[in-house]
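Student: Structure: protein-v3.txt, compact mmCIF, C-alpha atoms and all ligand atoms.
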# COMPACT_ATOMS: atom_id res chain seq x y z
CA MET W 100 0.00 0.00 0.00
CA ARG W 101 2.72 2.41 1.02
CA ARG W 102 4.72 1.50 -2.11
CA GLU W 103 1.69 2.17 -4.32
CA MET W 104 1.32 5.57 -2.73
CA SER W 105 4.93 6.46 -3.33
CA GLU W 106 4.70 5.38 -7.00
CA GLU W 107 1.61 7.56 -7.32
CA MET W 108 3.42 10.46 -5.69
CA LYS W 109 6.29 10.00 -8.15
CA THR W 110 3.89 10.08 -11.09
CA ILE W 111 2.27 13.24 -9.75
CA ALA W 112 5.69 14.81 -9.26
CA THR W 113 6.70 13.93 -12.84
CA ALA W 114 3.39 15.30 -14.17
CA LEU W 115 3.89 18.57 -12.31
CA GLY W 116 7.50 18.70 -13.48
CA ASP W 117 6.38 18.19 -17.08
CA LEU W 118 4.03 21.17 -16.78
CA VAL W 119 6.79 23.44 -15.55
CA LEU W 120 9.61 22.06 -17.68
CA PRO W 121 8.48 19.79 -20.52
CA ARG W 122 10.75 16.84 -21.37
CA PHE W 123 11.57 15.93 -24.96
CA CYS W 124 12.63 12.78 -26.80
CA VAL W 125 16.44 12.80 -27.24
CA ALA W 126 16.12 11.31 -30.75
CA CYS W 127 13.09 12.92 -32.47
CA GLY W 128 12.51 15.93 -30.21
CA ASP W 129 8.81 15.18 -29.59
CA ARG W 130 7.40 16.03 -26.20
CA LEU W 131 7.58 13.04 -23.84
CA HIS W 132 4.51 11.58 -22.19
CA LEU W 133 4.34 10.88 -18.52
CA ASP W 134 5.54 7.27 -18.74
CA GLU W 135 8.37 7.94 -21.21
CA ARG W 136 11.99 8.52 -20.23
CA HIS W 137 14.52 10.16 -22.60
CA LEU W 138 13.02 8.44 -25.68
CA CYS W 139 9.41 8.48 -26.83
CA LEU W 140 7.85 5.03 -27.13
CA GLU W 141 8.20 5.06 -30.92
CA CYS W 142 11.93 5.87 -30.84
CA LEU W 143 12.47 3.36 -28.04
CA ALA W 144 10.77 0.66 -30.13
CA ASP W 145 12.91 1.54 -33.16
CA LEU W 146 16.22 1.70 -31.25
CA SER W 147 18.46 -0.85 -32.99
CA LEU W 148 20.06 -2.79 -30.16
CA THR W 149 23.24 -4.56 -31.31
CA HIS W 150 22.78 -7.67 -29.12
CA PHE W 151 26.58 -7.94 -29.32
CA TRP W 152 26.61 -9.07 -25.65
CA GLN W 153 25.07 -12.34 -26.84
CA TYR W 154 27.78 -13.03 -29.42
CA GLY W 155 31.44 -13.43 -28.47
CA HIS W 156 32.36 -12.74 -32.10
CA ASN W 157 30.61 -9.74 -33.60
CA ALA W 158 31.40 -6.84 -35.94
CA MET W 159 32.70 -4.63 -33.13
CA ALA W 160 34.85 -7.33 -31.49
CA ASP W 161 36.31 -8.34 -34.87
CA ARG W 162 37.15 -4.73 -35.75
CA PHE W 163 38.67 -4.08 -32.32
CA ASN W 164 40.72 -7.31 -32.14
CA ALA W 165 42.13 -6.97 -35.66
CA ARG W 166 43.31 -3.45 -34.88
CA LEU W 167 44.65 -4.44 -31.44
CA ARG W 168 46.71 -7.28 -32.99
CA SER W 169 48.30 -4.76 -35.36
CA VAL W 170 49.72 -2.65 -32.50
CA ILE W 171 50.74 -5.39 -30.02
CA PRO W 172 54.40 -6.45 -30.39
CA ASP W 173 55.07 -9.84 -32.00
CA GLY W 174 55.20 -12.69 -29.50
CA VAL W 175 52.84 -11.03 -27.02
CA ARG W 176 49.74 -13.18 -26.70
CA VAL W 177 46.51 -11.34 -26.01
CA GLU W 178 43.20 -13.08 -25.54
CA TYR W 179 40.39 -12.22 -27.97
CA ALA W 180 38.62 -9.24 -26.44
CA SER W 181 34.86 -9.11 -25.94
CA ALA W 182 33.16 -6.00 -27.24
CA ALA W 183 29.61 -4.66 -27.09
CA ALA W 184 27.69 -1.45 -27.75
CA LEU W 185 24.09 -0.76 -26.82
CA PHE W 186 22.84 0.35 -30.23
CA PHE W 187 23.79 0.81 -33.90
CA TYR W 188 23.75 4.21 -35.48
CA ASN W 189 25.01 6.08 -38.50
CA SER W 190 25.55 9.77 -39.14
CA GLU W 191 22.00 10.29 -40.51
CA SER W 192 20.24 8.42 -37.71
CA PRO W 193 18.38 10.49 -35.10
CA TYR W 194 19.96 8.21 -32.47
CA ARG W 195 23.29 9.99 -33.03
CA ARG W 196 21.73 12.60 -30.75
CA ILE W 197 22.02 10.23 -27.75
CA PRO W 198 25.85 10.33 -27.47
CA GLN W 199 25.78 13.97 -28.67
CA ALA W 200 23.36 14.92 -25.88
CA LEU W 201 25.72 13.42 -23.32
CA LYS W 202 28.91 14.74 -24.88
CA TYR W 203 28.03 18.25 -26.00
CA ARG W 204 24.78 19.23 -24.33
CA GLY W 205 25.41 18.18 -20.75
CA ASN W 206 22.58 15.63 -20.72
CA VAL W 207 24.23 13.42 -18.12
CA ARG W 208 20.90 11.90 -17.03
CA ALA W 209 20.23 10.50 -20.51
CA GLY W 210 23.79 9.15 -20.58
CA ARG W 211 23.25 7.39 -17.26
CA TYR W 212 19.93 5.99 -18.40
CA PHE W 213 21.30 4.36 -21.57
CA ALA W 214 24.46 3.22 -19.79
CA ALA W 215 22.36 1.46 -17.15
CA MET W 216 20.43 -0.23 -19.97
CA LEU W 217 23.74 -1.47 -21.45
CA GLY W 218 24.90 -2.49 -17.96
CA ARG W 219 21.93 -4.81 -17.51
CA HIS W 220 22.79 -6.60 -20.76
CA LEU W 221 26.50 -6.90 -19.94
CA ALA W 222 25.76 -8.19 -16.43
CA ALA W 223 23.72 -11.03 -17.96
CA SER W 224 26.41 -11.91 -20.53
CA ALA W 225 28.95 -14.73 -20.00
CA ASP W 226 31.53 -12.81 -22.09
CA PHE W 227 31.61 -9.94 -19.59
CA ARG W 228 31.84 -12.11 -16.48
CA GLY W 229 34.62 -11.55 -13.95
CA ILE W 230 35.28 -7.90 -14.80
CA GLU W 231 37.11 -6.40 -11.82
CA ALA W 232 37.70 -2.86 -13.02
CA VAL W 233 35.96 -0.45 -15.41
CA ILE W 234 38.19 2.22 -16.94
CA PRO W 235 36.76 5.13 -18.95
CA VAL W 236 38.70 6.60 -21.89
CA PRO W 237 40.12 9.75 -20.27
CA LEU W 238 39.77 13.27 -21.62
CA HIS W 239 42.77 15.54 -21.62
CA TRP W 240 42.60 17.47 -18.35
CA THR W 241 42.07 20.79 -20.13
CA ARG W 242 39.05 19.42 -22.00
CA ARG W 243 37.69 17.82 -18.83
CA LEU W 244 37.99 21.22 -17.16
CA THR W 245 36.07 23.03 -19.90
CA ARG W 246 33.36 20.35 -20.26
CA GLY W 247 33.06 19.80 -16.52
CA TYR W 248 32.77 16.03 -16.79
CA ASN W 249 34.04 13.10 -18.84
CA GLN W 250 31.20 11.55 -20.84
CA SER W 251 32.93 8.13 -20.88
CA GLU W 252 33.19 8.23 -17.10
CA VAL W 253 29.43 8.84 -16.83
CA ILE W 254 28.88 5.61 -18.81
CA ALA W 255 31.67 3.70 -17.01
CA ARG W 256 30.23 4.51 -13.58
CA GLU W 257 26.88 2.93 -14.50
CA LEU W 258 28.57 -0.13 -16.03
CA ALA W 259 30.76 -0.60 -12.94
CA ARG W 260 27.67 -0.46 -10.77
CA ALA W 261 25.83 -3.02 -12.92
CA LEU W 262 28.83 -5.37 -13.02
CA GLY W 263 29.79 -4.99 -9.36
CA ALA W 264 33.24 -3.83 -10.48
CA GLU W 265 35.50 -1.00 -9.38
CA LEU W 266 35.41 2.28 -11.34
CA VAL W 267 39.06 3.18 -11.93
CA THR W 268 39.88 6.77 -12.86
CA GLY W 269 43.14 8.65 -12.48
CA LYS W 270 45.34 5.74 -13.62
CA LEU W 271 44.92 6.02 -17.39
CA TRP W 272 45.95 9.45 -18.67
CA ARG W 273 45.62 11.27 -21.96
CA ASN W 274 49.06 12.75 -22.57
CA ARG W 275 48.16 15.32 -25.14
CA ARG W 276 45.11 16.99 -26.44
CA THR W 277 44.15 15.09 -29.58
CA ARG W 278 42.13 16.75 -32.29
CA THR W 279 38.43 15.98 -32.67
CA GLN W 280 38.22 12.91 -34.87
CA THR W 281 34.79 13.36 -36.39
CA ARG W 282 35.97 14.26 -39.88
CA MET W 283 39.13 12.16 -40.01
CA GLY W 284 39.82 9.09 -42.12
CA MET W 285 40.80 5.76 -40.57
CA THR W 286 44.60 6.11 -40.90
CA GLU W 287 44.48 9.70 -39.73
CA LYS W 288 42.48 8.70 -36.65
CA ALA W 289 44.97 5.99 -35.71
CA GLY W 290 47.88 8.42 -36.00
CA ASN W 291 45.99 11.03 -33.99
CA VAL W 292 45.59 8.80 -30.90
CA SER W 293 48.58 6.42 -31.08
CA GLY W 294 50.76 6.99 -28.01
CA ALA W 295 48.24 9.50 -26.69
CA PHE W 296 47.63 7.51 -23.49
CA SER W 297 49.77 6.30 -20.60
CA VAL W 298 49.21 4.52 -17.30
CA HIS W 299 50.40 5.96 -14.01
CA GLY W 300 50.77 3.22 -11.40
CA SER W 301 49.75 -0.44 -11.63
CA LEU W 302 46.46 -2.03 -12.56
CA PRO W 303 46.51 -5.36 -10.68
CA TYR W 304 43.50 -6.85 -12.46
CA ARG W 305 42.77 -9.96 -14.50
CA HIS W 306 39.84 -8.58 -16.49
CA VAL W 307 39.18 -4.91 -17.19
CA LEU W 308 36.48 -3.17 -19.23
CA LEU W 309 37.50 -0.08 -21.21
CA VAL W 310 34.63 2.30 -21.92
CA ASP W 311 34.06 4.99 -24.55
CA ASP W 312 30.90 6.75 -25.74
CA THR W 313 31.03 5.72 -29.40
CA PHE W 314 32.90 3.05 -31.36
CA THR W 315 33.81 3.95 -34.93
CA THR W 316 37.21 2.60 -36.04
CA GLY W 317 38.23 1.47 -32.56
CA ALA W 318 41.44 3.54 -32.76
CA THR W 319 40.93 5.26 -29.39
CA LEU W 320 40.09 2.08 -27.47
CA VAL W 321 43.02 0.26 -29.11
CA ALA W 322 45.42 3.06 -28.13
CA CYS W 323 44.09 2.85 -24.55
CA SER W 324 44.45 -0.95 -24.54
CA ALA W 325 48.06 -0.73 -25.72
CA ALA W 326 48.79 1.52 -22.72
CA VAL W 327 46.77 -0.55 -20.22
CA LEU W 328 47.89 -4.09 -21.15
CA PRO W 329 51.47 -3.92 -19.76
CA ALA W 330 50.14 -2.61 -16.41
CA LEU W 331 47.72 -5.53 -15.92
CA ARG W 332 48.43 -8.94 -14.37
CA PRO W 333 50.04 -11.47 -16.72
CA GLY W 334 47.46 -13.14 -18.95
CA ALA W 335 44.83 -10.51 -18.14
CA ARG W 336 41.87 -9.84 -20.41
CA ILE W 337 40.57 -6.58 -21.82
CA SER W 338 36.95 -6.08 -22.90
CA VAL W 339 35.43 -2.94 -24.39
CA ALA W 340 31.99 -1.32 -24.28
CA THR W 341 30.39 1.81 -25.75
CA LEU W 342 26.88 3.22 -26.04
CA ALA W 343 26.90 3.47 -29.83
CA PHE W 344 28.43 1.44 -32.64
CA VAL W 345 28.84 3.10 -36.03
CA SER W 346 28.07 0.32 -38.46
CA SER W 347 29.01 2.04 -41.71
ZN ZN G 1 11.15 10.09 -30.32
Please render this file's structure as C-alpha cells.

Tutor:
Amino acid sequence: MRREMSEEMKTIATALGDLVLPRFCVACGDRLHLDERHLCLECLADLSLTHFWQYGHNAMADRFNARLRSVIPDGVRVEYASAAALFFYNSESPYRRIPQALKYRGNVRAGRYFAAMLGRHLAASADFRGIEAVIPVPLHWTRRLTRGYNQSEVIARELARALGAELVTGKLWRNRRTRTQTRMGMTEKAGNVSGAFSVHGSLPYRHVLLVDDTFTTGATLVACSAAVLPALRPGARISVATLAFVSS
C-alpha cells in the first residue's frame, strides 16, 4: 500500500514537473509523455540494439581485435577481447543525438539511463563475467575542465555499478590533447591517438572493461588498450563497451 502511494506520488511529481519544464525525446525531439523517459515510445521501439553481448564474435569485437593485434608487439599473446555497444547508429540516424546529448549538451541523465540499460545486458552476458575494473577513456585534463565532466566516465560509472566492479579513474591518462576525430579518415584517426595515453601506477586486475561513448574505427580504445595491457596482471583480459556502434 505504502509502495503504491509512493509510486503515485512520483507520477504526480513527474506530471507537475512536465508542466513546468516539458521533457523531450532525445532522438526525435517530440514532447515526452508521462511514462516515457529520454526516448518516446516510438523511438524506443525503433532503437536498434546490437545484441553484441550475446555473441562473443561480432562486428565490433572483430574490428577491435584486428586493430589491437596490429599494435601489439610480435610474440605477445593477447586473448580475444569481448566488445559490445548498446545500439547501432550512423551519421543520418536520429539516435546519433544520444551520445551527442551526453557529450556536447550536458545531458548526463540520458547518458546514465542508456548506460544502465547497457549495464543490464552486460551483467547477464557470459563474455563480460569476472570484470574487476571499469576504466573510462580519459579526456585531456584541459578538455575535462572546460566540459566539466568526462562523458565516458558517466557511462563507465553505471557499467561498474551493474557489473559490481570498481570504477578506476586517475590511472589512465591522456598525454596530449588530440584533435576531434569526427571528420578524419581511418589512418588519420589511428595516427591522432597512437601513443596519446599512458598509465600511471599499476592495474593489478585480470579482467578490465574499457569504456568509450562511441565506437567507430576502434582507434581510441586500441590506443588505450596498448597503454593498459602492460600494467595488468600477466594473462589478463581486456573487454570494451560503448553506447553506440557506427556500423558504416
Ligand atoms: Zn522520439

Student: For Phe151 in chain W, work out the shell of residues within 12 Å, counting all atoms listed in the file and skipping chain neighbours fewer than 5 positions away, then give it as a PyMOL selection string.

Tutor: chain W and resi 156-161+181-187+217+220-221+224-227+339-344

Student: For the contact check between chain W and ligand ZN 1 (chain G), emit one row per residue of chain W within 7 Å, containing the shortest atom pair and the distance in Å rounded to one decimal, counting all atoms listed in the file, chain then rising number order, as a Markdown table.

Tutor:
| residue | atom | partner | partner_atom | distance |
| --- | --- | --- | --- | --- |
| W:Cys124 | CA | G:ZN1 | ZN | 4.7 |
| W:Val125 | CA | G:ZN1 | ZN | 6.7 |
| W:Ala126 | CA | G:ZN1 | ZN | 5.1 |
| W:Cys127 | CA | G:ZN1 | ZN | 4.0 |
| W:Gly128 | CA | G:ZN1 | ZN | 6.0 |
| W:Asp129 | CA | G:ZN1 | ZN | 5.6 |
| W:Leu138 | CA | G:ZN1 | ZN | 5.3 |
| W:Cys139 | CA | G:ZN1 | ZN | 4.2 |
| W:Leu140 | CA | G:ZN1 | ZN | 6.8 |
| W:Glu141 | CA | G:ZN1 | ZN | 5.9 |
| W:Cys142 | CA | G:ZN1 | ZN | 4.3 |

Student: As a list in words, please: the residues near range 176-179 of chain W (cut-off 10 Å, all atoms listed in the file, same-chain neighbours under 5 positions excluded).

Tutor: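 Close residues of range 176-179 of chain W: Gly155, His156, Ala160, Asp161, Phe163, Asn164, Ala165, Leu167, Arg168, Ile171, Leu328, Pro333, Gly334, Ala335, Arg336, Ile337 and Ser338 of chain W.
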
Student: Could those selected residues go to a file with C-alpha atoms, as a PDB file, in the coordinates of the input?

Tutor:
ATOM      1  CA  GLY W 155      31.440 -13.430 -28.470  1.00  0.00           C
ATOM      2  CA  HIS W 156      32.360 -12.740 -32.100  1.00  0.00           C
ATOM      3  CA  ALA W 160      34.850  -7.330 -31.490  1.00  0.00           C
ATOM      4  CA  ASP W 161      36.310  -8.340 -34.870  1.00  0.00           C
ATOM      5  CA  PHE W 163      38.670  -4.080 -32.320  1.00  0.00           C
ATOM      6  CA  ASN W 164      40.720  -7.310 -32.140  1.00  0.00           C
ATOM      7  CA  ALA W 165      42.130  -6.970 -35.660  1.00  0.00           C
ATOM      8  CA  LEU W 167      44.650  -4.440 -31.440  1.00  0.00           C
ATOM      9  CA  ARG W 168      46.710  -7.280 -32.990  1.00  0.00           C
ATOM     10  CA  ILE W 171      50.740  -5.390 -30.020  1.00  0.00           C
ATOM     11  CA  LEU W 328      47.890  -4.090 -21.150  1.00  0.00           C
ATOM     12  CA  PRO W 333      50.040 -11.470 -16.720  1.00  0.00           C
ATOM     13  CA  GLY W 334      47.460 -13.140 -18.950  1.00  0.00           C
ATOM     14  CA  ALA W 335      44.830 -10.510 -18.140  1.00  0.00           C
ATOM     15  CA  ARG W 336      41.870  -9.840 -20.410  1.00  0.00           C
ATOM     16  CA  ILE W 337      40.570  -6.580 -21.820  1.00  0.00           C
ATOM     17  CA  SER W 338      36.950  -6.080 -22.900  1.00  0.00           C
TER      18      SER W 338
END

Student: Dump as a list of chain:residue names all residues having an atom at most 9 Å from (22.8, -0.1, -15.2), computed in the file's coordinates with all atoms listed in the file.

Tutor: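 Output of the proximity query reads W:Arg211, W:Tyr212, W:Phe213, W:Ala214, W:Ala215, W:Met216, W:Leu217, W:Gly218, W:Arg219, W:His220, W:Ala222, W:Arg256, W:Glu257, W:Leu258, W:Ala259, W:Arg260, W:Ala261, W:Leu262.
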
Student: Which residue gives the smallest distance to Ile197 in chain W among W:Leu143, W:Ala223, W:Asp173, W:Thr316, with only C-alpha atoms counted?

Tutor: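 Among W:Leu143, W:Ala223, W:Asp173, W:Thr316, it is W:Leu143 that comes nearest to Ile197 in chain W.
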